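To start, the structure itself, in structure tokens.
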Amino acid sequence: MSKEIEELKNVVFDFEALSECPFCQSQIMIPNGKIKWLDIDMWYVFCPNCGLKYMNPRPTRQSYQDFYKNKFWQQKIRNLGSHFEGQMWQAKKYKWDNEEIWDPEEGIKNRMEKQREQKTKDIIATLETHAALNGDSAVLDVGCSFGVTLDEIYKKYKCKVYGIEPSVEARKQAEKFTEIEWLGEYAEELERIGRRELKFDVLIFSHVLENTTDPVRIIHLAKQCLKPGGMIYIQTPNLLVFDQMNPYHPFIFSRSALGVLAEKIGLEYEPVSEMKNKMLEVLLINK
């Protein structure tokens, strides 16, 4: 094992424990599975009151921020990230699912291709039917990784596109898309962005909200960044058929849990995906 790979696999988290459900404050926690990654045990509990599954104890926000900045995509593009089979109903293997260590350049190409095929296509289809985007519209992608989705949205609608992304590695690639204006590194920076005059027609949280440590606060901050009638698009693993326990996900959402979140923040909740889909797609609308 090279020194570089050895360093990327050297992951240390500080942990904290939660005393109640972050969504509904219920103190009933049903043990609901565990994983082991790089000799780190990670336990999950389920809230029967609102349908939220969450890691408890879980890494602190600072631990996750350091990890996402310096190691997450650096691992992924070398195919060193976590691999857990059997967490998805009617699962199948894709051409990216293997144990081979990739050359970083090839890994970036693979991951960008995967995002275009499996993520961006769904986002564009939803925006096509739910958002009237044009050259005057503004779209912010929170956790935009390599910028693929924003590039496709720009090409289709010619609207203004903005990104937030913590990963040093991903930003190197995303900054090649010169149409993207960068607003920050972490979702928590929405607090600062919300104080600006700039407001957005759409905020995208694709494979991101489950990676945050305080989704209630994050969506509350996101609401402050919306135009009247603007929407938050969420794409996240569906607990019902894609119970994706892994070290990156302190939360795994169900439809009911996201409904509770919307009500808590004061946003209109509109499910987009079907119950059997592996990814939950919902819109939270600022009426």
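The chains in the structure tokens are called A, B, ... from first to last as shown; in each chain the residues are counted from 1, and the ligands are counted from 1 in the order shown.
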Can you list every residue in range 56-239 of chain A that DSSP puts in strand (DSSP E or B), as a ChimeraX atom specification? /A:58-59,88,138-142,160-164,180-184,200-206,226-238
Between range 76-162 of chain A and range 171-191 of chain A, at 6 Å or less, what are the per-residue closest atom pairs and their distances in Å? Count only C-alpha atoms, order by chain and rising residue number, and return it as a Markdown table.
| residue | atom | partner | partner_atom | distance |
| --- | --- | --- | --- | --- |
| A:Phe146 | CA | A:Ala174 | CA | 4.4 |
| A:Gly147 | CA | A:Ala174 | CA | 4.7 |
| A:Val161 | CA | A:Ile180 | CA | 5.4 |
| A:Tyr162 | CA | A:Glu181 | CA | 4.7 |
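Minimum atom-to-atom distance to Asp14 in chain A, evaluated using only C-alpha atoms, belongs to A:Thr60 out of A:Thr60, A:Ser82, A:Gln27, A:Thr120.
For the residues A:Thr149, A:Thr212, A:Asn10, A:Gln87, ranking by smallest atom-to-atom distance to Asp243 in chain A using only C-alpha atoms places A:Gln87 first.
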Residues at most 12 Å from Lys71 in chain A, counting only C-alpha atoms, excluding those fewer than 2 positions away in the same chain, as an mmCIF file with N, CA and C atoms, in the first residue's frame?
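Saved result, out_10.cif, follows:
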data_model
loop_
_atom_site.group_PDB
_atom_site.id
_atom_site.type_symbol
_atom_site.label_atom_id
_atom_site.label_comp_id
_atom_site.auth_asym_id
_atom_site.auth_seq_id
_atom_site.Cartn_x
_atom_site.Cartn_y
_atom_site.Cartn_z
ATOM 1 N N GLU A 4 0.452 7.394 0.093
ATOM 2 C CA GLU A 4 -0.707 8.241 -0.179
ATOM 3 C C GLU A 4 -2.004 7.522 0.185
ATOM 4 N N ILE A 5 -2.140 6.268 -0.243
ATOM 5 C CA ILE A 5 -3.355 5.497 0.037
ATOM 6 C C ILE A 5 -3.469 5.203 1.517
ATOM 7 N N GLU A 6 -2.350 4.903 2.141
ATOM 8 C CA GLU A 6 -2.356 4.646 3.585
ATOM 9 C C GLU A 6 -2.847 5.871 4.356
ATOM 10 N N GLU A 7 -2.417 7.053 3.928
ATOM 11 C CA GLU A 7 -2.850 8.288 4.590
ATOM 12 C C GLU A 7 -4.338 8.533 4.364
ATOM 13 N N LEU A 8 -4.849 8.247 3.156
ATOM 14 C CA LEU A 8 -6.269 8.447 2.870
ATOM 15 C C LEU A 8 -7.147 7.519 3.691
ATOM 16 N N LYS A 9 -6.618 6.357 4.028
ATOM 17 C CA LYS A 9 -7.383 5.406 4.835
ATOM 18 C C LYS A 9 -7.239 5.661 6.337
ATOM 19 N N ASN A 10 -6.396 6.595 6.690
ATOM 20 C CA ASN A 10 -6.208 6.938 8.100
ATOM 21 C C ASN A 10 -7.269 7.961 8.503
ATOM 22 N N VAL A 11 -8.451 7.468 8.881
ATOM 23 C CA VAL A 11 -9.582 8.327 9.215
ATOM 24 C C VAL A 11 -9.856 8.237 10.714
ATOM 25 N N VAL A 12 -9.927 9.394 11.361
ATOM 26 C CA VAL A 12 -10.225 9.457 12.793
ATOM 27 C C VAL A 12 -11.384 10.431 12.999
ATOM 28 N N SER A 63 -15.579 16.925 12.659
ATOM 29 C CA SER A 63 -14.962 15.713 12.110
ATOM 30 C C SER A 63 -15.403 15.480 10.674
ATOM 31 N N TYR A 64 -16.705 15.607 10.431
ATOM 32 C CA TYR A 64 -17.218 15.422 9.072
ATOM 33 C C TYR A 64 -16.703 16.498 8.132
ATOM 34 N N GLN A 65 -16.648 17.738 8.576
ATOM 35 C CA GLN A 65 -16.172 18.803 7.693
ATOM 36 C C GLN A 65 -14.727 18.561 7.266
ATOM 37 N N ASP A 66 -13.892 18.155 8.195
ATOM 38 C CA ASP A 66 -12.500 17.854 7.861
ATOM 39 C C ASP A 66 -12.433 16.681 6.882
ATOM 40 N N PHE A 67 -13.265 15.664 7.117
ATOM 41 C CA PHE A 67 -13.274 14.474 6.261
ATOM 42 C C PHE A 67 -13.711 14.833 4.847
ATOM 43 N N TYR A 68 -14.807 15.589 4.712
ATOM 44 C CA TYR A 68 -15.304 15.921 3.378
ATOM 45 C C TYR A 68 -14.376 16.865 2.628
ATOM 46 N N LYS A 69 -13.664 17.673 3.341
ATOM 47 C CA LYS A 69 -12.724 18.577 2.681
ATOM 48 C C LYS A 69 -11.496 17.845 2.162
ATOM 49 N N TRP A 73 -13.870 12.703 -1.392
ATOM 50 C CA TRP A 73 -13.702 12.503 -2.832
ATOM 51 C C TRP A 73 -12.294 12.032 -3.180
ATOM 52 N N GLN A 74 -11.323 12.365 -2.335
ATOM 53 C CA GLN A 74 -9.984 11.857 -2.565
ATOM 54 C C GLN A 74 -9.975 10.327 -2.493
ATOM 55 N N GLN A 75 -10.793 9.757 -1.587
ATOM 56 C CA GLN A 75 -10.952 8.305 -1.520
ATOM 57 C C GLN A 75 -11.766 7.786 -2.695
ATOM 58 N N LYS A 76 -12.895 8.438 -2.963
ATOM 59 C CA LYS A 76 -13.850 7.935 -3.952
ATOM 60 C C LYS A 76 -13.244 7.822 -5.352
ATOM 61 N N ILE A 77 -12.457 8.814 -5.757
ATOM 62 C CA ILE A 77 -11.927 8.772 -7.120
ATOM 63 C C ILE A 77 -10.820 7.722 -7.258
ATOM 64 N N ARG A 78 -10.363 7.202 -6.151
ATOM 65 C CA ARG A 78 -9.399 6.097 -6.182
ATOM 66 C C ARG A 78 -10.084 4.771 -5.860
ATOM 67 N N ASN A 79 -11.414 4.817 -5.689
ATOM 68 C CA ASN A 79 -12.228 3.652 -5.349
ATOM 69 C C ASN A 79 -11.822 3.054 -4.007
ATOM 70 N N LEU A 80 -11.549 3.934 -3.052
ATOM 71 C CA LEU A 80 -11.164 3.505 -1.712
ATOM 72 C C LEU A 80 -12.289 3.719 -0.702
ATOM 73 N N GLY A 81 -13.445 4.197 -1.166
ATOM 74 C CA GLY A 81 -14.542 4.463 -0.242
ATOM 75 C C GLY A 81 -15.164 3.186 0.285
ATOM 76 N N PRO A 166 -17.246 21.394 -0.299
ATOM 77 C CA PRO A 166 -16.099 21.393 0.619
ATOM 78 C C PRO A 166 -14.843 20.736 0.067
ATOM 79 N N SER A 167 -14.981 19.757 -0.830
ATOM 80 C CA SER A 167 -13.843 18.933 -1.228
ATOM 81 C C SER A 167 -12.831 19.699 -2.075
ATOM 82 N N VAL A 168 -11.597 19.710 -1.627
ATOM 83 C CA VAL A 168 -10.521 20.336 -2.397
ATOM 84 C C VAL A 168 -10.377 19.632 -3.738
ATOM 85 N N GLU A 169 -10.454 18.307 -3.728
ATOM 86 C CA GLU A 169 -10.269 17.511 -4.937
ATOM 87 C C GLU A 169 -11.383 17.763 -5.952
ATOM 88 N N ALA A 170 -12.634 17.767 -5.489
ATOM 89 C CA ALA A 170 -13.764 17.970 -6.398
ATOM 90 C C ALA A 170 -13.772 19.383 -6.963
ATOM 91 N N TYR A 248 -20.719 7.805 5.805
ATOM 92 C CA TYR A 248 -20.992 9.171 5.378
ATOM 93 C C TYR A 248 -22.379 9.658 5.775
#
For range 216-233 of chain A, please output as a PyMOL selection string all residues within 10 Å (counting only C-alpha atoms; exclusion window: fewer than 4 positions along the same chain). chain A and resi 22-23+123+126-127+130-131+138-142+187-206+209+212+258+260-262+264-270+272+281-287
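Residues of range 189-260 of chain A assigned to helix (DSSP H, G or I) by DSSP on this structure's backbone: Glu189, Leu190, Glu191, Arg192, Ile193, Leu209, Glu210, Asn211, Pro215, Val216, Arg217, Ile218, Ile219, His220, Leu221, Ala222, Lys223, Arg255, Ser256, Ala257, Leu258, Gly259 and Val260 of chain A.
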Excluding Gln118 in chain A and residues on its chain fewer than 4 positions from it, collect all residues at most 12 Å away from it, counting only C-alpha atoms, and give them as a PyMOL selection string. chain A and resi 94+96+110-114+122-125+148-149+206-207+235+278-279
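Atom pair CA of Ile40 in chain A / CA of Pro104 in chain A has a distance of 25.5 Å (rounded to one decimal).
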Shell around Gln90 in chain A at 12 Å using only C-alpha atoms, local window under 5 positions removed, as a list in words: Glu85, Val241, Phe242, Lys276, Asn277 and Lys278 of chain A
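Using only C-alpha atoms for every distance, the candidate list A:Ala132, A:Lys109, A:Gly86, A:Met245 yields A:Met245 as the residue closest to Asn32 in chain A.
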